[in-house]
Every structure is written in C-alpha cells, then in structure tokens.
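Reading through the structure tokens given below for one structure.
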Amino acid sequence: MFDIDKIRADFPILSREVNGKPLVYLDNGASAQKPQAVIDAVTRGYAEEYSNVHRGLHYLSNLATEKYEAVRGKVARFLGARDEHEVVFTSGTTEGINLVSYAWAAPRFQPGDEIVLSVMEHHANIVPWHFLRERQGAVLKWVETDAMGVLDPQKVIDAIGPRTRLVAVTQLSNVLGTKVDVKAICDAAREKGVPVLVDGSQGSVHMPVDVEEIGCDFYAITGHKLYGPSGSGAIWIRRERMAEMRPFLGGGDMIREVSRDAVSYADPPMKFEAGTPGIVQTIGLGVALDYLMDLGMENVAAHEARLAAYARDRLAGLNWVNVQGHAPDKAAIFSFTLEGAAHAHDISTVLDKKGVAVRAGHHCAQPLMAHLGVSATCRASFGLYNTEAEVDKLVEALELCHELFA
C-alpha cells in the first residue's frame with residue numbers, strides 16, 4: 001500500500017515552513033529531498049563508521065568497504081542488471097556520460113563519425129559529445145520532437161546511418177516530462193550494430209527500469225534525484241562495452257601494479273574508479289535505493305501518474321498558463337510560462353513567497369528551449385511524496401501571479 005502520509009513523515013524537511021508558508025517542494029527534477037533513513041545513514045557513516053575503503057585490514061575499513069561494495073549489488077537490482085560488476089560508481093550521471101565519452105568513444109571516433117541525439121537532451125548528454133566534435137571531428141545529428149513534445153523513436157532510428165557510432169538519448173525529458181521508447185530505439189540500433197547510451201537521470205526516478213529488457217549498452221543514474229546524497233551515482237555498462245574501454249582517470253584503486261616503467265590495470269569495474277570515492281555518499285545512495293525498492297517503483301509510478309493527471313487538468317483550467325509538452329503519458333513534470341511579460345524568474349519568486357518551490361531557467365536544455373521558441377520556463381516537477389493538495393497550492397500561487405502580472 002502506498003501510504004502518502006507515512007511517506008511524507010519519512011522526509012523531515014517537508015514539515016518546515018518557507019516564508020511563513022508550509023513548504024510545497026516541486027523542484028524534484030533538479031534534486032529530490034532525502035528520507036530520514038538516508039540522513040541517518042550519512043550521519044552514522046561519518047560519526048561512527050568512517051574509514052577509507054579497500055585494502056585496509058582494520059575493523060572500520062572492513063565495515064566501510066562492506067557497506068560501500070554492497071551498494072553495487074543494490075544498483076544492479078534496481079536497474080534489473082544481471083551482474084553487479086557491470087556497475088561503475090560515479091559522482092552522478094554527468095560523470096558517467098563523460099566516462100563513456102573519454103573511455104569508450106574517444107579512442108574509436110574518426111572525423112565524420114556520428115552521434116545521434118534528441119533535442120530534449122540535458123547538457124550532461126550534449127557537452128561531452130561536443131568535446132568529440134571539437135577535438136576529433138565527430139558530427140552531432142539531432143532528432144526533434146513533434147508539436148506535442150513527443151519523440152518518435154522511428155525518427156531516431158531513421159537518423160542512424162553508416163557513420164553512426166553511438167545513439168545517446170534520455171529516457172525521460174527533464175523539461176517536458178516526455179517518456180521515450182528507448183527499448184524500440186535499442187532494438188533497432190542493435191540490429192545496425194550501434195551502441196546506445198541512455199540518460200536515466202529522470203527515467204530511473206519515475207518508473208521501473210530493466211536495462212536487460214531495454215537492451216541499451218550504457219545506462220547512467222544520479223543519486224541526488226533518487227532521494228539519495230549529492231555526489232553519488234552509477235553507470236551500468238554492458239560487459240562487452242566495458243572490455244572496449246580504456247581507463248578514464250588514473251590513480252589509486254584502478255591499478256593492478258605500478259612500476260617506474262609500466263602500469264597494469266585492475267579488472268572492471270575498479271578499472272574505472274580511481275582515487276578515494278564518495279564513500280558515505282554511495283552508502284547513502286544504497287539506502288535510498290532500498291527505500292525505493294521497498295516502496296516498489298511500480299507503486300511510485302502509479303502515484304505519480306495520478307498526480308500528473310490531476311495537475312494536467314488543473315493547469316488546463318488556467319488558460320493563461322502555457323504548458324510545454326503534451327505527450328499523452330508524460331511524467332509529472334510541467335514546464336510553463338505565463339501570458340504577458342512575466343519572466344520565469346519573476347514567477348518563481350512569487351511562488352516562493354507562497355512556499356512553493358519550483359525551478360526557473362533553461363533547465364540545462366538550451367537546444368530544447370530554442371526548439372520550443374522560449375528562453376526560459378518555470379518547472380514544477382513532482383516526486384513520490386507530493387500530493388494533489390500541493391497541486392492546488394501551486395494553482396493558487398499561479399493565480400496570484402496572474403493577478404500581479406496581468
């Protein structure tokens with residue numbers, strides 16, 4: 001049973017006030033709040049259990065290593081992966097995608113080789129490919145959405161040509177809430193011999209994920225959106241692709257042996273995890289994933305689908321609100337502008353006075369903003385602890401904005 005009152009009680013920050021109003025936190029697309037279990041795990045990790053991991057033979061090092069390495073299996077279970085050794089710990093999706101760019105793509109790209117992207121991509125899934133464009137002559141091929149904000153998977157498939165070396169696509173737009181049929185893309189790309197990287201920063205938060213069923217080659221997640229600590233994350237890499245990758249960062253932990261004249265590397269995934277990692281952050285991520293798996297991502301998705309439907313109806317009743325993206329099954333993410341001269345930053349400021357926290361700006365998706373013909377939007381992004389009553393609070397605050405700016 002999805003007991004929303006019990007769930008909300010797990011998140012201490014939701015009981016606070018902002019500007020004298022009960023907090024209505026609708027900025028989950030940027031970063032989600034943390035349940036008490038995660039807060040406790042991080043506090044305990046630093047206060048009672050901290051030590052560096054791997055190779056230490058004393059009690060605290062062994063304890064930290066055990067807890068840290070146990071998270072690898074949790075990530076694998078959360079993503080439906082068969083082998084936890086295909087999980088590389090990162091600081092988040094941005095590092096994960098850069099790892100693929102440097103360690104897998106850079107050694108094999110020649111001038112004119114192509115990467116297929118959607119116009120909905122977050123900058124984290126654009127800029128690393130621009131590096132290859134600038135430095136190695138790679139070509140970025142863009143696929144646009146339709147007027148409803150839907151990304152037709154066939155258009156992505158049709159963009160794959162003889163020089164395509166990679167498809168890099170989000171599973172869920174952080175601006176439009178559009179869900180992408182990444183399985184259809186992966187199935188077709190595999191037949192053409194083209195690997196697919198899926199940005200799971202948003203998708204993994206809002207729906208169950210099974211990377212084996214999807215059929216992708218890389219799937220990146222970030223902990224702070226998954227109700228875990230910032231500075232935590234992981235990327236699942238298919239074993240065949242791992243074998244093709246060179247080390248990204250050099251240092252401790254990723255080596256087998258170092259001499260004055262040579263170096264040999266550890267087996268994956270350690271080969272791609274140099275230096276002292278985010279130990280406590282990663283342990284906290286594991287607790288967050290436990291929390292989500294205990295709730296059941298199917299239940300989370302069902303709750304958020306109800307919220308999305310309610311919010312869609314309420315916002316549709318405000319004919320001076322322009323919502324971007326109307327995909328039929330969009331997630332509970334609503335980017336919008338108001339008719340008139342009000343800037344997104346001004347709208348956000350007024351909403352904040354009513355205790356409603358939203359994001360304002362280009363949401364690290366400037367190509368999409370240009371495609372939509374706007375410079376910035378406000379974004380209300382809902383999470384597992386949000387309620388229909390909070391949708392009503394958002395609407396009330398928007399009505400105040402309309403009065404002020406009309």
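As shown in the structure tokens, the chain order sets the letters A, B, ...; within each chain, residues go from 1, and ligands are also counted from 1 in the order they appear.
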
**Request:** Check the DSSP output for the backbone and give back, as JSON, numbers by chain, the residues of region 140-389 of chain A in helix (DSSP H, G or I).
**Result:** {"A": [153, 154, 155, 156, 157, 158, 159, 182, 183, 184, 185, 186, 187, 188, 189, 190, 191, 203, 204, 205, 206, 211, 212, 213, 214, 223, 224, 225, 226, 239, 240, 241, 242, 270, 271, 272, 279, 280, 281, 282, 283, 284, 285, 286, 287, 288, 289, 290, 291, 292, 293, 294, 295, 297, 298, 299, 300, 301, 302, 303, 304, 305, 306, 307, 308, 309, 310, 311, 312, 313, 314, 315, 316, 344, 345, 346, 347, 348, 349, 350, 351, 352, 353, 366, 367, 368, 369, 370, 371, 372, 388, 389]}

**Prompt:** Residues at most 10 Å from region 252-256 of chain A, counting only C-alpha atoms, excluding those fewer than 3 positions away in the same chain, as a PyMOL selection string?
**Reply:** chain A and resi 53-55+247-249+263-277

Export C-alpha atoms of the chosen residues as an mmCIF file, in the first residue's frame?
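Wrote it out as again.cif, contents follow:
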data_model
loop_
_atom_site.group_PDB
_atom_site.id
_atom_site.type_symbol
_atom_site.label_atom_id
_atom_site.label_comp_id
_atom_site.auth_asym_id
_atom_site.auth_seq_id
_atom_site.Cartn_x
_atom_site.Cartn_y
_atom_site.Cartn_z
ATOM 1 C CA VAL A 53 37.617 1.593 1.700
ATOM 2 C CA HIS A 54 39.579 -1.281 0.154
ATOM 3 C CA ARG A 55 42.860 -2.724 1.399
ATOM 4 C CA PRO A 247 40.796 3.955 -18.143
ATOM 5 C CA PHE A 248 39.359 7.426 -17.687
ATOM 6 C CA LEU A 249 41.061 8.637 -14.501
ATOM 7 C CA VAL A 263 51.412 0.105 -15.271
ATOM 8 C CA SER A 264 48.737 -2.573 -15.410
ATOM 9 C CA TYR A 265 45.104 -2.002 -14.599
ATOM 10 C CA ALA A 266 42.552 -3.649 -12.360
ATOM 11 C CA ASP A 267 39.631 -5.517 -13.839
ATOM 12 C CA PRO A 268 36.376 -3.604 -14.374
ATOM 13 C CA PRO A 269 34.621 -2.008 -12.657
ATOM 14 C CA MET A 270 37.584 -0.969 -10.479
ATOM 15 C CA LYS A 271 39.473 -0.043 -13.646
ATOM 16 C CA PHE A 272 37.184 2.987 -13.919
ATOM 17 C CA GLU A 273 37.099 4.031 -10.247
ATOM 18 C CA ALA A 274 40.271 5.956 -9.442
ATOM 19 C CA GLY A 275 41.031 7.539 -6.096
ATOM 20 C CA THR A 276 39.128 7.710 -2.843
ATOM 21 C CA PRO A 277 35.449 7.575 -3.812
#

**Prompt:** Excluding same-chain residues fewer than 2 positions from region 338-351 of chain A, what lies within 12 Å of it counting only C-alpha atoms, as a ChimeraX atom specification?
**Reply:** /A:18-19,21,23-27,315,318-324,335-336,353-363,374-380,393-406

**Fill in**
Residue with the minimum atom-to-atom distance to Thr65 (chain A), picked from A:Ile283, A:Asp313, A:Thr43, A:Glu390 with only C-alpha atoms counted, is A:Ile283

**Item:** All residues 10 Å or closer to Leu151 (chain A), only C-alpha atoms, same chain fewer than 2 positions away omitted, as a ChimeraX atom specification
**Value:** /A:118-120,143-149,153-156,173,178-181,327
